[in-house]
2 protein chains.
Amino acid sequence: MNFNLDSIPSKEIMPGYHAKLVHAEHMSIAFWEVEEGAVVPEHSHMNEQIMHVLKGRFEFTVNGNTNIHVANDLVVIPPHAVHSGKALTACKLMDVFSPVREAYK
Amino acid sequence: MNFNLDSIPSKEIMPGYHAKLVHAEHMSIAFWEVEEGAVVPEHSHMNEQIMHVLKGRFEFTVNGNTNIHVANDLVVIPPHAVHSGKALTACKLMDVFSPVREAYK
């Protein structure tokens with residue numbers, strides 16, 4: 001299956017979080033444009049997640065530990081870890097999930 | 001687990017294919033710098049793979065179908081699909097795998 005990001009429509013998954021998504025069989029990949037100040041409330045899921053910061057400053061808390069992430073940062077979020085975030089500036093983020101992130105379909 | 005790409009050492013996994021790798025529990029992520037002309041011979045693996053082209057022109061064949069991919073292209077490679085590639089120019093690629101790509105550890 002071949003895709004180009006330019007032709008994937010963007011979905012506002014949460015207020016201020018606009019994603020282009022590809023769901024494969026065992027993984028989902030999400031390319032986010034995040035508005036400055038937009039917040040992801042605390043949540044958890046059974047999917048393992050790897051977050052990659054492409055642009056901006058993103059405050060991110062995993063299991064009670066808060067860090068401010070910048071371009072080229074990668075964060076591994078284990079299954080069921082409680083996490084939340086806030087875009088301190090407009091951000092570009094990429095997430096990968098396994099298994100597929102059904103809630104984003 | 002937090003990482004920054006700038007502090008991950010690069011490994012030449014195959015001739016001309018230099019990767020920065022992060023292995024999580026269920027996924028691996030690889031950021032490639034590929035030299036012009038470098039070839040990935042035909043191979044397959046049980047891991048599902050998603051390839052993302054960041055830069056350059058990459059000729060890629062999956063199960064006998066050849067395409068030339070450019071920036072923003074995404075390709076889903078199903079488990080056990082036979083695939084091979086050639087960098088027509090110097091390329092930057094990102095791959096995600098699930099389960100973990102043990103052969104790259």
# chains A, B, ... in the order shown; residues from 1 in each chain; ligands from 1
call {"tool": "residues_around", "arguments": {"residues": "Ile8 in chain A", "least_positions_apart": "2", "cutoff": "10 Å", "atoms": "only C-alpha atoms", "output": "list of chain:residue names"}}
result
A:Phe3, A:Asn4, A:Leu5, A:Asp6, A:Ser10, A:Lys11, A:Ala19, A:Lys20, A:Leu21, A:Val22
call {"tool": "select_by_dssp", "arguments": {"residues": "range 58-102 of chain A", "states": "strand (DSSP E or B)", "output": "list of chain:residue names"}}
result
A:Phe58, A:Glu59, A:Phe60, A:Thr61, A:Val62, A:Asn65, A:Thr66, A:Asn67, A:Ile68, A:His69, A:Asp73, A:Leu74, A:Val75, A:Val76, A:Ile77, A:His83, A:Ser84, A:Gly85, A:Lys86, A:Ala87, A:Cys91, A:Lys92, A:Leu93, A:Met94, A:Asp95, A:Val96, A:Phe97, A:Ser98
call {"tool": "write_last_selection", "arguments": {"atoms": "N, CA and C atoms", "output": "PDB file, in the first residue's frame"}}
result
ATOM      1  N   PHE A  58       7.303  20.715  23.089  1.00  0.00           N
ATOM      2  CA  PHE A  58       6.147  19.946  23.554  1.00  0.00           C
ATOM      3  C   PHE A  58       6.410  19.454  24.970  1.00  0.00           C
ATOM      4  N   GLU A  59       5.564  19.883  25.903  1.00  0.00           N
ATOM      5  CA  GLU A  59       5.673  19.429  27.298  1.00  0.00           C
ATOM      6  C   GLU A  59       4.928  18.116  27.426  1.00  0.00           C
ATOM      7  N   PHE A  60       5.594  17.116  27.953  1.00  0.00           N
ATOM      8  CA  PHE A  60       5.021  15.776  27.907  1.00  0.00           C
ATOM      9  C   PHE A  60       5.300  15.076  29.229  1.00  0.00           C
ATOM     10  N   THR A  61       4.259  14.480  29.796  1.00  0.00           N
ATOM     11  CA  THR A  61       4.369  13.799  31.083  1.00  0.00           C
ATOM     12  C   THR A  61       4.018  12.333  30.896  1.00  0.00           C
ATOM     13  N   VAL A  62       4.928  11.452  31.298  1.00  0.00           N
ATOM     14  CA  VAL A  62       4.708  10.001  31.224  1.00  0.00           C
ATOM     15  C   VAL A  62       4.908   9.418  32.616  1.00  0.00           C
ATOM     16  N   ASN A  65       6.463  11.793  35.118  1.00  0.00           N
ATOM     17  CA  ASN A  65       7.724  12.489  34.795  1.00  0.00           C
ATOM     18  C   ASN A  65       7.507  13.451  33.632  1.00  0.00           C
ATOM     19  N   THR A  66       7.771  14.733  33.875  1.00  0.00           N
ATOM     20  CA  THR A  66       7.536  15.759  32.860  1.00  0.00           C
ATOM     21  C   THR A  66       8.851  16.196  32.227  1.00  0.00           C
ATOM     22  N   ASN A  67       8.850  16.272  30.905  1.00  0.00           N
ATOM     23  CA  ASN A  67       9.988  16.804  30.166  1.00  0.00           C
ATOM     24  C   ASN A  67       9.482  17.736  29.076  1.00  0.00           C
ATOM     25  N   ILE A  68      10.337  18.659  28.675  1.00  0.00           N
ATOM     26  CA  ILE A  68      10.028  19.502  27.520  1.00  0.00           C
ATOM     27  C   ILE A  68      10.850  18.979  26.353  1.00  0.00           C
ATOM     28  N   HIS A  69      10.149  18.582  25.301  1.00  0.00           N
ATOM     29  CA  HIS A  69      10.797  17.948  24.156  1.00  0.00           C
ATOM     30  C   HIS A  69      10.884  18.903  22.984  1.00  0.00           C
ATOM     31  N   ASP A  73      13.729  14.764  19.325  1.00  0.00           N
ATOM     32  CA  ASP A  73      13.482  13.933  20.508  1.00  0.00           C
ATOM     33  C   ASP A  73      12.548  12.776  20.145  1.00  0.00           C
ATOM     34  N   LEU A  74      12.809  11.661  20.779  1.00  0.00           N
ATOM     35  CA  LEU A  74      11.984  10.458  20.659  1.00  0.00           C
ATOM     36  C   LEU A  74      11.616  10.008  22.065  1.00  0.00           C
ATOM     37  N   VAL A  75      10.367   9.640  22.250  1.00  0.00           N
ATOM     38  CA  VAL A  75       9.913   9.164  23.558  1.00  0.00           C
ATOM     39  C   VAL A  75       9.193   7.842  23.355  1.00  0.00           C
ATOM     40  N   VAL A  76       9.617   6.820  24.098  1.00  0.00           N
ATOM     41  CA  VAL A  76       8.911   5.539  24.072  1.00  0.00           C
ATOM     42  C   VAL A  76       7.907   5.526  25.224  1.00  0.00           C
ATOM     43  N   ILE A  77       6.642   5.332  24.894  1.00  0.00           N
ATOM     44  CA  ILE A  77       5.568   5.288  25.883  1.00  0.00           C
ATOM     45  C   ILE A  77       5.107   3.828  25.983  1.00  0.00           C
ATOM     46  N   HIS A  83      -0.140   9.177  30.281  1.00  0.00           N
ATOM     47  CA  HIS A  83       0.602  10.286  29.684  1.00  0.00           C
ATOM     48  C   HIS A  83      -0.320  11.427  29.289  1.00  0.00           C
ATOM     49  N   SER A  84       0.272  12.614  29.225  1.00  0.00           N
ATOM     50  CA  SER A  84      -0.461  13.824  28.870  1.00  0.00           C
ATOM     51  C   SER A  84       0.542  14.801  28.271  1.00  0.00           C
ATOM     52  N   GLY A  85       0.028  15.814  27.555  1.00  0.00           N
ATOM     53  CA  GLY A  85       0.950  16.728  26.897  1.00  0.00           C
ATOM     54  C   GLY A  85       0.358  18.088  26.660  1.00  0.00           C
ATOM     55  N   LYS A  86       1.250  19.024  26.373  1.00  0.00           N
ATOM     56  CA  LYS A  86       0.827  20.389  26.026  1.00  0.00           C
ATOM     57  C   LYS A  86       1.827  20.986  25.042  1.00  0.00           C
ATOM     58  N   ALA A  87       1.295  21.569  23.972  1.00  0.00           N
ATOM     59  CA  ALA A  87       2.155  22.210  22.973  1.00  0.00           C
ATOM     60  C   ALA A  87       2.523  23.604  23.474  1.00  0.00           C
ATOM     61  N   CYS A  91       3.464  22.778  17.142  1.00  0.00           N
ATOM     62  CA  CYS A  91       4.369  21.624  17.026  1.00  0.00           C
ATOM     63  C   CYS A  91       4.021  20.761  15.821  1.00  0.00           C
ATOM     64  N   LYS A  92       5.035  20.073  15.334  1.00  0.00           N
ATOM     65  CA  LYS A  92       4.842  18.926  14.443  1.00  0.00           C
ATOM     66  C   LYS A  92       5.364  17.701  15.170  1.00  0.00           C
ATOM     67  N   LEU A  93       4.512  16.706  15.277  1.00  0.00           N
ATOM     68  CA  LEU A  93       4.858  15.467  15.965  1.00  0.00           C
ATOM     69  C   LEU A  93       4.534  14.290  15.060  1.00  0.00           C
ATOM     70  N   MET A  94       5.224  13.198  15.275  1.00  0.00           N
ATOM     71  CA  MET A  94       4.846  11.939  14.644  1.00  0.00           C
ATOM     72  C   MET A  94       4.721  10.891  15.746  1.00  0.00           C
ATOM     73  N   ASP A  95       3.687  10.083  15.669  1.00  0.00           N
ATOM     74  CA  ASP A  95       3.523   8.967  16.606  1.00  0.00           C
ATOM     75  C   ASP A  95       3.404   7.681  15.819  1.00  0.00           C
ATOM     76  N   VAL A  96       4.002   6.623  16.356  1.00  0.00           N
ATOM     77  CA  VAL A  96       3.686   5.283  15.870  1.00  0.00           C
ATOM     78  C   VAL A  96       3.137   4.470  17.035  1.00  0.00           C
ATOM     79  N   PHE A  97       2.202   3.601  16.706  1.00  0.00           N
ATOM     80  CA  PHE A  97       1.517   2.783  17.691  1.00  0.00           C
ATOM     81  C   PHE A  97       1.522   1.329  17.229  1.00  0.00           C
ATOM     82  N   SER A  98       1.636   0.416  18.186  1.00  0.00           N
ATOM     83  CA  SER A  98       1.379  -1.000  17.906  1.00  0.00           C
ATOM     84  C   SER A  98       0.725  -1.608  19.139  1.00  0.00           C
TER      85      SER A  98
END
call {"tool": "closest_residue", "arguments": {"among": "B:Met14, B:Leu88, B:Val34, B:Met27", "to": "chain A", "atoms": "only C-alpha atoms"}}
result
B:Met27
call {"tool": "atom_distance", "arguments": {"atom1": "CA of Arg57 in chain B", "atom2": "CA of Glu42 in chain B"}}
result
18.3 Å
call {"tool": "closest_residue", "arguments": {"among": "B:His18, B:Gly37, B:Pro9, B:His52", "to": "chain A", "atoms": "only C-alpha atoms"}}
result
B:His52
